[in-house]
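Below is start.txt, holding compact mmCIF, N, CA and C atoms.
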# COMPACT_ATOMS: atom_id res chain seq x y z
N MET Z 377 -13.77 -12.89 20.82
CA MET Z 377 -12.84 -13.98 20.57
C MET Z 377 -13.61 -15.29 20.70
N GLU Z 378 -13.41 -16.11 19.71
CA GLU Z 378 -14.07 -17.42 19.73
C GLU Z 378 -13.47 -18.27 20.85
N THR Z 379 -14.33 -19.06 21.49
CA THR Z 379 -13.90 -19.94 22.57
C THR Z 379 -14.29 -21.37 22.24
N ILE Z 380 -13.34 -22.29 22.42
CA ILE Z 380 -13.62 -23.71 22.24
C ILE Z 380 -12.99 -24.46 23.42
N THR Z 381 -13.36 -25.71 23.57
CA THR Z 381 -12.81 -26.52 24.65
C THR Z 381 -11.59 -27.29 24.14
N VAL Z 382 -10.82 -27.78 25.08
CA VAL Z 382 -9.67 -28.63 24.73
C VAL Z 382 -10.16 -29.85 23.96
N ASN Z 383 -11.28 -30.43 24.39
CA ASN Z 383 -11.83 -31.60 23.71
C ASN Z 383 -12.18 -31.29 22.26
N GLN Z 384 -12.80 -30.14 22.00
CA GLN Z 384 -13.14 -29.75 20.63
C GLN Z 384 -11.86 -29.60 19.80
N THR Z 385 -10.84 -29.03 20.41
CA THR Z 385 -9.56 -28.83 19.72
C THR Z 385 -8.94 -30.17 19.34
N GLN Z 386 -9.00 -31.12 20.28
CA GLN Z 386 -8.41 -32.43 20.03
C GLN Z 386 -9.12 -33.18 18.91
N LEU Z 387 -10.42 -32.95 18.78
CA LEU Z 387 -11.19 -33.65 17.75
C LEU Z 387 -10.78 -33.25 16.34
N ASP Z 388 -10.43 -31.98 16.15
CA ASP Z 388 -10.09 -31.53 14.80
C ASP Z 388 -9.11 -30.37 14.83
N LEU Z 389 -7.90 -30.64 15.28
CA LEU Z 389 -6.87 -29.61 15.40
C LEU Z 389 -6.57 -28.96 14.04
N ALA Z 390 -6.52 -29.75 13.00
CA ALA Z 390 -6.22 -29.21 11.67
C ALA Z 390 -7.25 -28.16 11.27
N LYS Z 391 -8.51 -28.40 11.56
CA LYS Z 391 -9.57 -27.45 11.23
C LYS Z 391 -9.41 -26.16 12.05
N VAL Z 392 -9.08 -26.30 13.32
CA VAL Z 392 -8.89 -25.14 14.20
C VAL Z 392 -7.73 -24.29 13.70
N VAL Z 393 -6.62 -24.91 13.35
CA VAL Z 393 -5.45 -24.19 12.85
C VAL Z 393 -5.79 -23.48 11.53
N ALA Z 394 -6.50 -24.15 10.65
CA ALA Z 394 -6.89 -23.54 9.38
C ALA Z 394 -7.78 -22.32 9.62
N GLU Z 395 -8.70 -22.44 10.56
CA GLU Z 395 -9.61 -21.33 10.87
C GLU Z 395 -8.85 -20.12 11.42
N ILE Z 396 -7.88 -20.37 12.28
CA ILE Z 396 -7.09 -19.28 12.85
C ILE Z 396 -6.31 -18.55 11.75
N ASN Z 397 -5.73 -19.30 10.85
CA ASN Z 397 -4.97 -18.69 9.75
C ASN Z 397 -5.87 -17.97 8.75
N GLU Z 398 -7.06 -18.48 8.57
CA GLU Z 398 -8.01 -17.88 7.61
C GLU Z 398 -8.61 -16.59 8.16
N LYS Z 399 -9.03 -16.61 9.42
CA LYS Z 399 -9.72 -15.47 10.02
C LYS Z 399 -8.78 -14.45 10.66
N HIS Z 400 -7.54 -14.83 10.89
CA HIS Z 400 -6.56 -13.96 11.56
C HIS Z 400 -7.06 -13.49 12.93
N GLN Z 401 -7.73 -14.40 13.62
CA GLN Z 401 -8.24 -14.11 14.95
C GLN Z 401 -7.81 -15.22 15.90
N PRO Z 402 -7.39 -14.86 17.13
CA PRO Z 402 -7.01 -15.89 18.08
C PRO Z 402 -8.23 -16.67 18.57
N ILE Z 403 -8.00 -17.84 19.10
CA ILE Z 403 -9.06 -18.65 19.69
C ILE Z 403 -8.68 -18.97 21.13
N LEU Z 404 -9.63 -18.78 22.02
CA LEU Z 404 -9.43 -19.14 23.43
C LEU Z 404 -9.79 -20.60 23.59
N ILE Z 405 -8.85 -21.37 24.11
CA ILE Z 405 -9.08 -22.80 24.35
C ILE Z 405 -9.22 -22.98 25.85
N LYS Z 406 -10.40 -23.44 26.29
CA LYS Z 406 -10.67 -23.62 27.71
C LYS Z 406 -10.53 -25.09 28.09
N GLY Z 407 -9.84 -25.31 29.20
CA GLY Z 407 -9.68 -26.68 29.69
C GLY Z 407 -9.64 -26.73 31.20
N SER Z 408 -9.78 -27.89 31.75
CA SER Z 408 -9.81 -28.04 33.21
C SER Z 408 -8.45 -27.73 33.83
N ALA Z 409 -7.37 -27.89 33.07
CA ALA Z 409 -6.03 -27.60 33.59
C ALA Z 409 -5.65 -26.14 33.39
N GLY Z 410 -6.51 -25.38 32.71
CA GLY Z 410 -6.24 -23.97 32.45
C GLY Z 410 -6.62 -23.62 31.02
N ASN Z 411 -6.54 -22.35 30.73
CA ASN Z 411 -6.90 -21.86 29.40
C ASN Z 411 -5.65 -21.46 28.63
N ALA Z 412 -5.80 -21.40 27.30
CA ALA Z 412 -4.69 -20.99 26.44
C ALA Z 412 -5.27 -20.24 25.24
N ILE Z 413 -4.42 -19.44 24.63
CA ILE Z 413 -4.79 -18.72 23.42
C ILE Z 413 -3.99 -19.31 22.27
N LEU Z 414 -4.66 -19.61 21.17
CA LEU Z 414 -3.99 -20.14 19.99
C LEU Z 414 -4.05 -19.06 18.90
N ILE Z 415 -2.87 -18.69 18.38
CA ILE Z 415 -2.78 -17.69 17.32
C ILE Z 415 -1.95 -18.25 16.17
N SER Z 416 -2.07 -17.62 15.00
CA SER Z 416 -1.31 -18.07 13.84
C SER Z 416 0.15 -17.67 13.99
N GLU Z 417 1.00 -18.32 13.23
CA GLU Z 417 2.43 -17.97 13.23
C GLU Z 417 2.61 -16.53 12.75
N GLN Z 418 1.82 -16.13 11.76
CA GLN Z 418 1.91 -14.77 11.23
C GLN Z 418 1.58 -13.75 12.32
N GLU Z 419 0.54 -14.00 13.11
CA GLU Z 419 0.18 -13.09 14.19
C GLU Z 419 1.28 -13.08 15.27
N TRP Z 420 1.83 -14.23 15.58
CA TRP Z 420 2.91 -14.33 16.57
C TRP Z 420 4.12 -13.50 16.12
N ASN Z 421 4.49 -13.63 14.84
CA ASN Z 421 5.63 -12.87 14.33
C ASN Z 421 5.36 -11.37 14.37
N ALA Z 422 4.13 -10.96 14.08
CA ALA Z 422 3.78 -9.55 14.13
C ALA Z 422 3.88 -9.02 15.56
N ILE Z 423 3.44 -9.79 16.52
CA ILE Z 423 3.53 -9.40 17.93
C ILE Z 423 4.99 -9.27 18.34
N GLN Z 424 5.82 -10.23 17.95
CA GLN Z 424 7.24 -10.19 18.30
C GLN Z 424 7.92 -8.97 17.69
N GLU Z 425 7.59 -8.65 16.43
CA GLU Z 425 8.19 -7.49 15.78
C GLU Z 425 7.77 -6.20 16.49
N THR Z 426 6.50 -6.11 16.85
CA THR Z 426 6.00 -4.93 17.56
C THR Z 426 6.71 -4.76 18.89
N LEU Z 427 6.83 -5.84 19.64
CA LEU Z 427 7.52 -5.76 20.94
C LEU Z 427 8.98 -5.34 20.76
N TYR Z 428 9.64 -5.88 19.73
CA TYR Z 428 11.03 -5.52 19.47
C TYR Z 428 11.15 -4.03 19.16
N LEU Z 429 10.31 -3.55 18.24
CA LEU Z 429 10.38 -2.13 17.86
C LEU Z 429 10.08 -1.22 19.05
N GLN Z 430 9.15 -1.62 19.88
CA GLN Z 430 8.82 -0.81 21.05
C GLN Z 430 9.93 -0.81 22.10
N SER Z 431 10.80 -1.80 22.03
CA SER Z 431 11.89 -1.87 23.00
C SER Z 431 13.06 -0.95 22.64
N ILE Z 432 13.08 -0.43 21.43
CA ILE Z 432 14.15 0.46 20.98
C ILE Z 432 13.81 1.89 21.42
N PRO Z 433 14.65 2.50 22.26
CA PRO Z 433 14.35 3.86 22.73
C PRO Z 433 14.12 4.84 21.58
N GLY Z 434 13.01 5.55 21.63
CA GLY Z 434 12.68 6.56 20.64
C GLY Z 434 12.03 6.05 19.37
N MET Z 435 11.94 4.74 19.21
CA MET Z 435 11.41 4.17 17.96
C MET Z 435 9.93 4.50 17.76
N VAL Z 436 9.13 4.38 18.80
CA VAL Z 436 7.69 4.65 18.66
C VAL Z 436 7.47 6.11 18.27
N GLU Z 437 8.18 7.02 18.91
CA GLU Z 437 8.06 8.43 18.58
C GLU Z 437 8.49 8.69 17.15
N SER Z 438 9.55 8.03 16.72
CA SER Z 438 10.04 8.19 15.35
C SER Z 438 9.01 7.71 14.33
N ILE Z 439 8.37 6.62 14.62
CA ILE Z 439 7.35 6.08 13.72
C ILE Z 439 6.16 7.04 13.65
N HIS Z 440 5.73 7.55 14.80
CA HIS Z 440 4.62 8.51 14.82
C HIS Z 440 4.97 9.78 14.03
N GLN Z 441 6.19 10.24 14.22
CA GLN Z 441 6.63 11.45 13.52
C GLN Z 441 6.66 11.20 12.00
N ALA Z 442 7.18 10.06 11.60
CA ALA Z 442 7.24 9.74 10.18
C ALA Z 442 5.83 9.60 9.59
N ALA Z 443 4.93 9.01 10.34
CA ALA Z 443 3.55 8.83 9.87
C ALA Z 443 2.85 10.16 9.68
N ALA Z 444 3.25 11.17 10.46
CA ALA Z 444 2.63 12.49 10.38
C ALA Z 444 3.23 13.35 9.27
N THR Z 445 4.30 12.89 8.65
CA THR Z 445 4.95 13.66 7.59
C THR Z 445 4.12 13.58 6.31
N PRO Z 446 3.76 14.73 5.74
CA PRO Z 446 3.00 14.72 4.48
C PRO Z 446 3.80 14.02 3.38
N ILE Z 447 3.11 13.29 2.54
CA ILE Z 447 3.78 12.52 1.49
C ILE Z 447 4.61 13.43 0.57
N GLU Z 448 4.18 14.66 0.41
CA GLU Z 448 4.92 15.59 -0.45
C GLU Z 448 6.30 15.91 0.12
N ASP Z 449 6.45 15.79 1.44
CA ASP Z 449 7.73 16.09 2.08
C ASP Z 449 8.67 14.88 2.13
N CYS Z 450 8.22 13.74 1.64
CA CYS Z 450 9.03 12.52 1.68
C CYS Z 450 9.93 12.44 0.45
N ILE Z 451 11.02 11.75 0.62
CA ILE Z 451 11.96 11.54 -0.48
C ILE Z 451 11.59 10.24 -1.18
N ALA Z 452 11.53 10.28 -2.49
CA ALA Z 452 11.17 9.09 -3.26
C ALA Z 452 12.25 8.03 -3.11
N LEU Z 453 11.84 6.78 -3.02
CA LEU Z 453 12.77 5.66 -2.90
C LEU Z 453 13.76 5.66 -4.06
N ARG Z 454 13.28 5.96 -5.26
CA ARG Z 454 14.14 5.97 -6.43
C ARG Z 454 15.27 6.99 -6.26
N ALA Z 455 14.97 8.14 -5.65
CA ALA Z 455 16.00 9.17 -5.43
C ALA Z 455 17.07 8.66 -4.47
N ILE Z 456 16.64 7.93 -3.46
CA ILE Z 456 17.61 7.36 -2.50
C ILE Z 456 18.47 6.32 -3.18
N GLN Z 457 17.83 5.45 -3.96
CA GLN Z 457 18.58 4.40 -4.66
C GLN Z 457 19.56 5.01 -5.66
N ASN Z 458 19.13 6.01 -6.41
CA ASN Z 458 20.02 6.67 -7.37
C ASN Z 458 21.19 7.35 -6.66
N SER Z 459 20.91 7.93 -5.51
CA SER Z 459 21.95 8.59 -4.73
C SER Z 459 23.01 7.57 -4.29
N LYS Z 460 22.57 6.42 -3.83
CA LYS Z 460 23.49 5.37 -3.40
C LYS Z 460 24.33 4.87 -4.57
N LEU Z 461 23.68 4.71 -5.73
CA LEU Z 461 24.41 4.25 -6.92
C LEU Z 461 25.46 5.26 -7.32
N LYS Z 462 25.15 6.53 -7.25
CA LYS Z 462 26.10 7.59 -7.62
C LYS Z 462 27.30 7.57 -6.67
N ILE Z 463 27.01 7.41 -5.38
CA ILE Z 463 28.09 7.39 -4.39
C ILE Z 463 29.03 6.22 -4.67
N LYS Z 464 28.47 5.04 -4.92
CA LYS Z 464 29.30 3.87 -5.21
C LYS Z 464 30.09 4.06 -6.49
N LYS Z 465 29.42 4.61 -7.49
CA LYS Z 465 30.07 4.83 -8.79
C LYS Z 465 31.23 5.82 -8.68
N ASP Z 466 31.06 6.85 -7.86
CA ASP Z 466 32.10 7.86 -7.69
C ASP Z 466 33.17 7.43 -6.70
N GLY Z 467 32.99 6.26 -6.08
CA GLY Z 467 34.01 5.73 -5.17
C GLY Z 467 33.97 6.29 -3.77
N TYR Z 468 32.84 6.81 -3.36
CA TYR Z 468 32.73 7.36 -2.00
C TYR Z 468 32.25 6.35 -0.99
N ASP Z 469 31.97 5.17 -1.41
CA ASP Z 469 31.43 4.17 -0.49
C ASP Z 469 32.49 3.16 -0.12
Could you render the structure as structure tokens?
Amino acid sequence: METITVNQTQLDLAKVVAEINEKHQPILIKGSAGNAILISEQEWNAIQETLYLQSIPGMVESIHQAAATPIEDCIALRAIQNSKLKIKKDGYD
């Protein structure tokens, strides 16, 4: 992880933010009052989504199970969409 000082950050914050978004890597900012990590909004959102999904009981296991399913055993999205259209058309929805 790249490390910079608070003073370096203050000199060119726009450049630091651009670098974080370009490289998709956090930067450790060291200062006399303490240290901080700066990450992109995209990385922050990904972390929040991961934490949310992990908070749902059984979700992690379900994801692992789905990932282990051979593609041949999966149902095509088009088949699901067609099934939903048929149900609506026949008045079952």
Leaving out Pro402 in chain Z and any residue of its chain fewer than 5 positions from it, which residues lie within 10 Å of it when counting only C-alpha atoms, given as JSON, numbers by chain?
{"Z": [377, 378, 379, 393, 395, 396, 397, 413, 414, 415, 416, 419]}
Padding of 5 Å on every side, edges along x, y and z, all listed atoms of range 418-437 of chain Z included: what centre and edge lengths in Å, to one decimal, does that box have, as lines of an AutoDock Vina configuration file?
center_x = 7.4
center_y = -3.7
center_z = 17.1
size_x = 24.5
size_y = 34.8
size_z = 21.8
What is the distance, in Å and to one decimal place, between atom C of Gln441 in chain Z and atom C of Ile456 in chain Z?
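Those two atoms sit 19.8 Å apart.
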Pick out each residue of chain Z that DSSP on the backbone tags as strand (DSSP E); I need them as a list in words.
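Result set for chain Z (strand (DSSP E)): Glu378, Thr379, Ile380, Thr381, Ile403, Leu404, Ile405, Lys406, Ala412, Ile413 and Leu414 of chain Z.
Across the structure, atom N of Val392 in chain Z and atom N of Ile380 in chain Z are spaced 10.8 Å apart.
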What gap, in Å, lies between atom N of Ser438 in chain Z and CA of Asn458 in chain Z?
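For atom N of Ser438 in chain Z relative to CA of Asn458 in chain Z, the distance reads 26.3 Å.
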